[in-house]
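Engineer: For reference, this is input.txt, and it has compact mmCIF, C-alpha atoms.
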```
# COMPACT_ATOMS: atom_id res chain seq x y z
CA MET A 45 94.71 100.20 98.43
CA VAL A 46 92.21 100.60 95.64
CA SER A 47 92.13 97.25 93.88
CA GLY A 48 89.73 94.99 92.08
CA ALA A 49 87.85 94.84 88.81
CA ILE A 50 87.59 98.09 86.85
CA ASN A 51 84.06 98.80 88.06
CA GLU A 52 85.11 98.22 91.68
CA VAL A 53 88.11 100.54 91.40
CA LEU A 54 86.01 103.28 89.80
CA ARG A 55 83.28 102.92 92.40
CA ALA A 56 85.79 103.19 95.26
CA VAL A 57 87.44 106.28 93.74
CA GLU A 58 84.05 107.91 93.14
CA LEU A 59 83.02 107.35 96.76
CA ILE A 60 86.28 108.81 98.08
CA LEU A 61 86.10 111.89 95.85
CA SER A 62 82.38 112.39 96.54
CA LYS A 63 83.08 112.39 100.26
CA LEU A 64 85.84 114.97 99.93
CA LEU A 65 83.66 117.15 97.69
CA SER A 66 80.75 116.96 100.13
CA GLU A 67 83.07 118.35 102.81
CA LEU A 68 84.04 121.18 100.46
CA HIS A 69 80.39 122.05 99.81
CA SER A 70 79.60 122.01 103.52
CA GLU A 71 82.22 124.73 104.06
CA ASP A 72 81.58 126.71 100.89
CA ASP A 73 78.29 128.45 100.02
CA ASN A 74 79.19 128.55 96.33
CA ASP A 75 76.77 126.39 94.29
CA VAL A 76 79.24 126.02 91.41
CA GLU A 77 80.84 122.57 91.44
CA PRO A 78 84.57 123.06 92.05
CA LYS A 79 87.31 121.73 89.81
CA THR A 80 89.70 119.71 91.95
CA LYS A 81 92.61 117.35 91.36
CA VAL A 82 93.16 113.66 91.89
CA ARG A 83 96.57 112.11 91.35
CA LEU A 84 97.03 108.55 90.13
CA ILE A 85 100.29 106.75 90.86
CA VAL A 86 101.19 104.80 87.72
CA PRO A 87 104.33 102.75 86.98
CA ASN A 88 106.57 104.51 84.50
CA GLY A 89 106.46 101.52 82.16
CA SER A 90 102.68 101.80 81.82
CA CYS A 91 102.59 105.54 81.05
CA GLY A 92 103.49 105.04 77.40
CA GLY A 93 100.13 103.41 76.74
CA ILE A 94 98.32 106.34 78.35
CA ILE A 95 100.33 108.89 76.34
CA GLY A 96 100.11 107.07 73.01
CA LYS A 97 102.08 107.74 69.85
CA GLY A 98 102.86 111.43 69.69
CA GLY A 99 100.51 112.03 72.64
CA ALA A 100 97.46 110.93 70.63
CA THR A 101 95.93 108.76 73.35
CA ILE A 102 96.15 111.28 76.18
CA ARG A 103 94.76 114.00 73.89
CA SER A 104 91.79 111.78 73.06
CA PHE A 105 91.26 111.11 76.78
CA ILE A 106 91.24 114.86 77.49
CA GLU A 107 88.81 115.54 74.65
CA GLU A 108 86.45 112.72 75.62
CA SER A 109 86.44 113.36 79.37
CA GLN A 110 86.78 117.17 79.30
CA ALA A 111 89.19 116.75 82.24
CA GLY A 112 92.72 118.08 82.40
CA ILE A 113 95.19 115.16 82.36
CA LYS A 114 98.91 115.64 82.94
CA ILE A 115 101.70 113.11 83.51
CA SER A 116 104.72 114.05 85.60
CA PRO A 117 108.13 114.19 83.86
CA GLN A 118 109.92 110.88 83.56
CA ASP A 119 112.93 112.07 85.56
CA ASN A 120 110.78 112.98 88.61
CA SER A 121 110.77 110.27 91.27
CA TYR A 122 107.69 109.68 93.37
CA TYR A 123 106.55 106.94 95.75
CA GLY A 124 108.46 104.21 93.97
CA GLN A 125 111.57 104.73 91.85
CA ASN A 126 109.63 103.82 88.71
CA ASP A 127 106.36 105.59 89.50
CA ARG A 128 104.94 108.69 87.82
CA ILE A 129 102.02 110.89 88.79
CA VAL A 130 99.00 111.29 86.49
CA THR A 131 97.02 114.35 87.60
CA VAL A 132 93.35 114.52 86.59
CA THR A 133 91.68 117.94 87.03
CA GLY A 134 88.00 118.78 86.68
CA THR A 135 84.56 118.35 88.18
CA LEU A 136 83.75 114.97 89.69
CA ASP A 137 82.06 113.73 86.50
CA GLU A 138 84.97 114.92 84.35
CA GLN A 139 87.48 113.30 86.69
CA MET A 140 85.60 110.00 86.73
CA ARG A 141 85.37 109.91 82.93
CA GLY A 142 89.11 110.58 82.73
CA ILE A 143 89.94 107.97 85.37
CA ASP A 144 87.67 105.46 83.61
CA LEU A 145 89.63 105.91 80.39
CA ILE A 146 93.01 105.71 82.14
CA VAL A 147 92.18 102.66 84.26
CA SER A 148 90.63 100.87 81.29
CA LYS A 149 93.83 101.50 79.34
CA LEU A 150 95.95 100.19 82.21
CA ALA A 151 93.85 97.02 82.31
CA GLU A 152 94.91 96.33 78.71
CA ASP A 153 98.60 96.39 79.70
CA PRO A 154 99.74 92.80 80.46
CA HIS A 155 102.74 94.11 82.39
CA TYR A 156 100.75 96.44 84.63
CA SER A 157 99.46 93.87 87.11
CA HIS A 158 102.98 92.53 87.67
CA SER A 159 104.19 95.90 88.89
CA MET A 160 101.35 96.31 91.39
CA SER A 161 102.87 94.59 94.41
CA SER A 162 101.74 97.18 96.99
CA PRO A 163 98.72 99.27 95.98
CA PHE A 164 97.77 102.05 98.36
CA THR A 165 96.06 105.36 98.70
CA TYR A 166 98.07 108.20 100.24
CA SER A 167 96.66 111.51 101.37
CA GLY A 168 98.71 114.34 102.79
CA ALA A 169 98.62 117.48 100.65
CA TYR A 170 95.84 119.90 99.65
CA VAL A 171 93.23 119.87 96.95
CA SER A 172 94.13 122.94 94.93
CA GLY A 173 92.47 126.05 96.32
CA TYR A 174 90.74 124.36 99.25
CA GLN A 175 92.67 124.44 102.49
CA GLY A 176 92.28 121.53 104.86
CA VAL A 177 91.09 118.94 102.36
CA PRO A 178 93.80 116.48 101.32
CA TYR A 179 94.76 115.62 97.78
CA THR A 180 93.82 112.06 96.94
CA TYR A 181 96.66 109.92 95.63
CA VAL A 182 95.42 106.64 94.18
CA LEU A 183 97.43 103.68 92.98
CA PRO A 184 94.80 101.62 91.13
CA SER A 185 95.22 97.86 90.77
CA VAL A 186 92.81 96.63 88.14
CA ALA A 187 91.52 93.24 87.06
CA PRO A 188 89.73 92.51 83.76
CA PRO A 189 86.37 94.29 83.30
CA ALA A 190 83.33 92.84 85.07
CA TYR A 191 79.68 92.96 84.05
CA ASN A 192 77.25 95.51 85.49
CA GLY A 193 79.91 98.21 85.71
CA VAL A 194 79.19 101.91 85.44
CA ASN A 195 80.06 103.79 82.26
CA TYR A 196 81.35 107.27 83.03
CA ARG A 197 81.92 108.30 79.43
CA PRO A 198 79.79 111.10 78.00
CA ASN A 199 77.26 108.70 76.44
CA GLY A 200 77.13 106.49 79.55
CA THR A 201 74.41 106.30 82.14
CA GLY A 202 76.51 107.17 85.19
CA ALA A 203 74.52 104.64 87.23
CA LYS A 204 75.84 103.22 90.47
CA PHE A 205 77.61 99.87 90.42
CA GLN A 206 75.42 96.83 90.87
CA ASN A 207 75.91 93.58 92.76
CA SER A 208 78.20 95.10 95.39
CA LYS A 209 78.63 92.86 98.42
CA GLU A 210 78.56 95.34 101.27
CA ASP A 211 78.81 92.76 104.02
CA ARG A 212 81.75 90.84 102.61
CA SER A 213 85.00 91.30 104.53
CA ASN A 214 87.52 93.39 102.61
CA SER A 215 90.83 95.02 103.37
CA MET A 216 92.51 98.19 102.14
CA THR A 217 95.71 99.99 103.07
CA ILE A 218 96.10 103.75 103.10
CA GLY A 219 99.26 105.70 103.79
CA VAL A 220 99.51 108.34 106.50
CA ALA A 221 102.60 110.51 106.88
CA ASP A 222 104.57 109.73 110.04
CA GLU A 223 104.18 113.29 111.33
CA HIS A 224 100.37 113.00 111.16
CA ILE A 225 99.92 109.55 112.69
CA GLY A 226 99.88 110.86 116.26
CA LEU A 227 96.66 112.80 115.74
CA VAL A 228 95.07 109.83 113.98
CA VAL A 229 95.91 107.55 116.92
CA GLY A 230 95.15 110.08 119.66
CA ARG A 231 96.24 110.07 123.28
CA GLY A 232 96.30 106.52 124.55
CA GLY A 233 94.86 105.34 121.23
CA ARG A 234 91.56 107.10 121.90
CA ASN A 235 91.04 108.50 118.38
CA ILE A 236 91.80 105.27 116.54
CA SER A 237 89.61 103.35 118.99
CA ASP A 238 86.72 105.76 118.38
CA ILE A 239 87.15 105.45 114.60
CA SER A 240 87.14 101.66 114.83
CA GLN A 241 84.10 101.60 117.10
CA THR A 242 82.11 104.10 115.02
CA SER A 243 82.90 102.52 111.65
CA GLY A 244 82.88 98.89 112.72
CA ALA A 245 86.21 98.34 110.95
CA LYS A 246 89.41 96.88 112.34
CA ILE A 247 92.37 99.23 111.96
CA LYS A 248 96.04 98.26 112.16
CA ILE A 249 98.93 100.74 111.92
CA SER A 250 102.36 99.51 110.88
CA ASP A 251 105.28 99.88 113.27
CA ARG A 252 107.65 102.78 112.79
CA GLY A 253 110.27 101.62 110.36
CA ASP A 254 107.72 99.62 108.36
CA TYR A 255 107.00 102.32 105.82
CA ILE A 256 105.41 102.17 102.38
CA SER A 257 108.18 101.42 99.91
CA GLY A 258 109.46 104.37 97.92
CA THR A 259 108.49 106.98 100.54
CA THR A 260 111.86 107.48 102.21
CA ASP A 261 111.84 111.23 101.51
CA ARG A 262 108.60 111.53 103.45
CA LEU A 263 107.99 108.56 105.73
CA VAL A 264 104.53 107.11 105.24
CA LEU A 265 103.11 104.47 107.58
CA LYS A 266 100.70 101.77 106.46
CA VAL A 267 97.20 101.91 107.94
CA THR A 268 95.28 98.73 107.12
CA ILE A 269 91.48 98.84 107.41
CA THR A 270 89.49 95.60 107.42
CA GLY A 271 85.72 95.12 107.36
CA SER A 272 82.71 95.56 105.11
CA GLN A 273 82.95 98.07 102.27
CA ARG A 274 80.75 100.46 104.22
CA ALA A 275 82.89 100.13 107.36
CA ILE A 276 86.07 100.69 105.36
CA ARG A 277 84.67 103.80 103.67
CA THR A 278 83.55 105.24 107.00
CA ALA A 279 86.88 104.56 108.71
CA GLU A 280 88.85 105.93 105.76
CA SER A 281 86.79 109.13 105.73
CA MET A 282 87.33 109.66 109.46
CA ILE A 283 91.08 109.07 109.12
CA LEU A 284 91.28 111.50 106.18
CA GLN A 285 89.55 114.14 108.30
CA LYS A 286 92.18 113.67 111.01
CA VAL A 287 94.97 113.93 108.44
CA ALA A 288 93.45 117.09 106.96
CA TYR A 289 93.20 118.66 110.42
CA ALA A 290 96.77 117.67 111.27
CA THR A 291 98.01 119.14 107.98
CA GLU A 292 96.10 122.39 108.56
CA ARG A 293 97.56 122.78 112.06
CA VAL A 294 101.15 122.84 110.80
CA GLU A 295 100.49 125.42 108.07
```
Output the structure of this file as structure tokens.
Structural biologist:
Amino acid sequence: MVSGAINEVLRAVELILSKLLSELHSEDDNDVEPKTKVRLIVPNGSCGGIIGKGGATIRSFIEESQAGIKISPQDNSYYGQNDRIVTVTGTLDEQMRGIDLIVSKLAEDPHYSHSMSSPFTYSGAYVSGYQGVPYTYVLPSVAPPAYNGVNYRPNGTGAKFQNSKEDRSNSMTIGVADEHIGLVVGRGGRNISDISQTSGAKIKISDRGDYISGTTDRLVLKVTITGSQRAIRTAESMILQKVAYATERVE
């Protein structure tokens, strides 16, 4: 789950992508910042606002952010029957500018919040060109803009978000493919216990059969993480590493 005010959603996405990119840099001696992909899960009914009349809005987003932005065909079905995938390609700054524009547009849609009954983040594929690092799928749930938010647009400061409450208890749900959950849990629950102890977060995995809706083609279990923002970020990162390793093992 990535939900909250626009600034909170953008901050969470930036932290997730920064973590994945730091892992790429640790394995790659190349100093050039890589262009990677992040995929947003957006209800079909909200995609029209992103596209705009004759594609004018999405073209302006591409020009302003310098990121590649593509929306999956309407007849493709993803996580929910009415969901489409918006792929944003570029460097981290380009991606964040593009995501800022998209999420801000979604926040203007009065029907968008009504379709966001189960926001989640699902990871289980590869970032293009970098084996072992999962794609990030984000379903953003946005509230009206808040003050003190970051501006990722070209003339913005790019400063970190202010007034974050690190110690406040929060909860987020990520999706982990059924075939990968065993490595996340570990023998006798050892791995999940270690992740919980190290991060300080509480972690609950849904029972088999209680899958994220719309994922019947590839069964995805719900992993709910509860704790401070810092604890959640740490636990999520450790789980993503397990998922990446599990994915790499089956290739």
Engineer: Between CA of Leu136 (chain A) and CA of Ile239 (chain A), what is the spacing in Å?
Structural biologist: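 According to the coordinates, CA of Ile239 (chain A) and CA of Leu136 (chain A) are separated by 26.9 Å.
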Engineer: Please determine an axis-aligned box that encloses all atoms of region 272-283 of chain A listed in the file, with 5 Å added on each side, and express its centre and edge lengths in Å to one decimal as AutoDock Vina command-line options.
Structural biologist:
```
--center_x 85.9 --center_y 102.6 --center_z 105.9 --size_x 20.3 --size_y 24.1 --size_z 17.2
```
Engineer: Enter the distance from CA of Glu108 (chain A) to CA of Ser62 (chain A), in Å, rounded to one decimal.
Structural biologist: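 If I compute the distance from CA of Glu108 (chain A) to CA of Ser62 (chain A), I get 21.3 Å.
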Engineer: Between CA of Val229 (chain A) and CA of Ser215 (chain A), what is the distance, to one decimal in Å?
Structural biologist: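 Atom-to-atom, CA of Val229 (chain A) to CA of Ser215 (chain A), that is 19.1 Å.
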Engineer: In terms of the shortest atom-to-atom distance over only C-alpha atoms, which of A:Ser237, A:Thr135, A:Gln118, A:Thr101 is closest to Thr80 (chain A)?
Structural biologist: A:Thr135
Engineer: Which residues, written as a list in words, have at least one atom at most 12 Å from Pro117 (chain A), with only C-alpha atoms counted and residues fewer than 6 positions away on the same chain left out?
Structural biologist: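 So, after excluding close chain neighbours, the residues are Asn88, Cys91, Asn126, Asp127, Arg128, Ile129, Val130 and Thr131 of chain A.
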Engineer: Excluding Ile143 (chain A) and any residue of its chain fewer than 4 positions from it, enumerate the residues within 12 Å of it, using all atoms listed in the file, and give them as number ranges by chain.
Structural biologist: A: 50-51, 53-58, 61, 81-86, 94, 102, 105-106, 108-113, 130-134, 136-139, 147-150, 182-184, 195-197
Engineer: For a quick check of understanding, using all atoms listed in the file, which of A:Val287, A:Ala151, A:Pro87, A:Ile95 has the smallest distance to Leu227 (chain A)?
Structural biologist: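 Distance minimum relative to Leu227 (chain A) lands on A:Val287.
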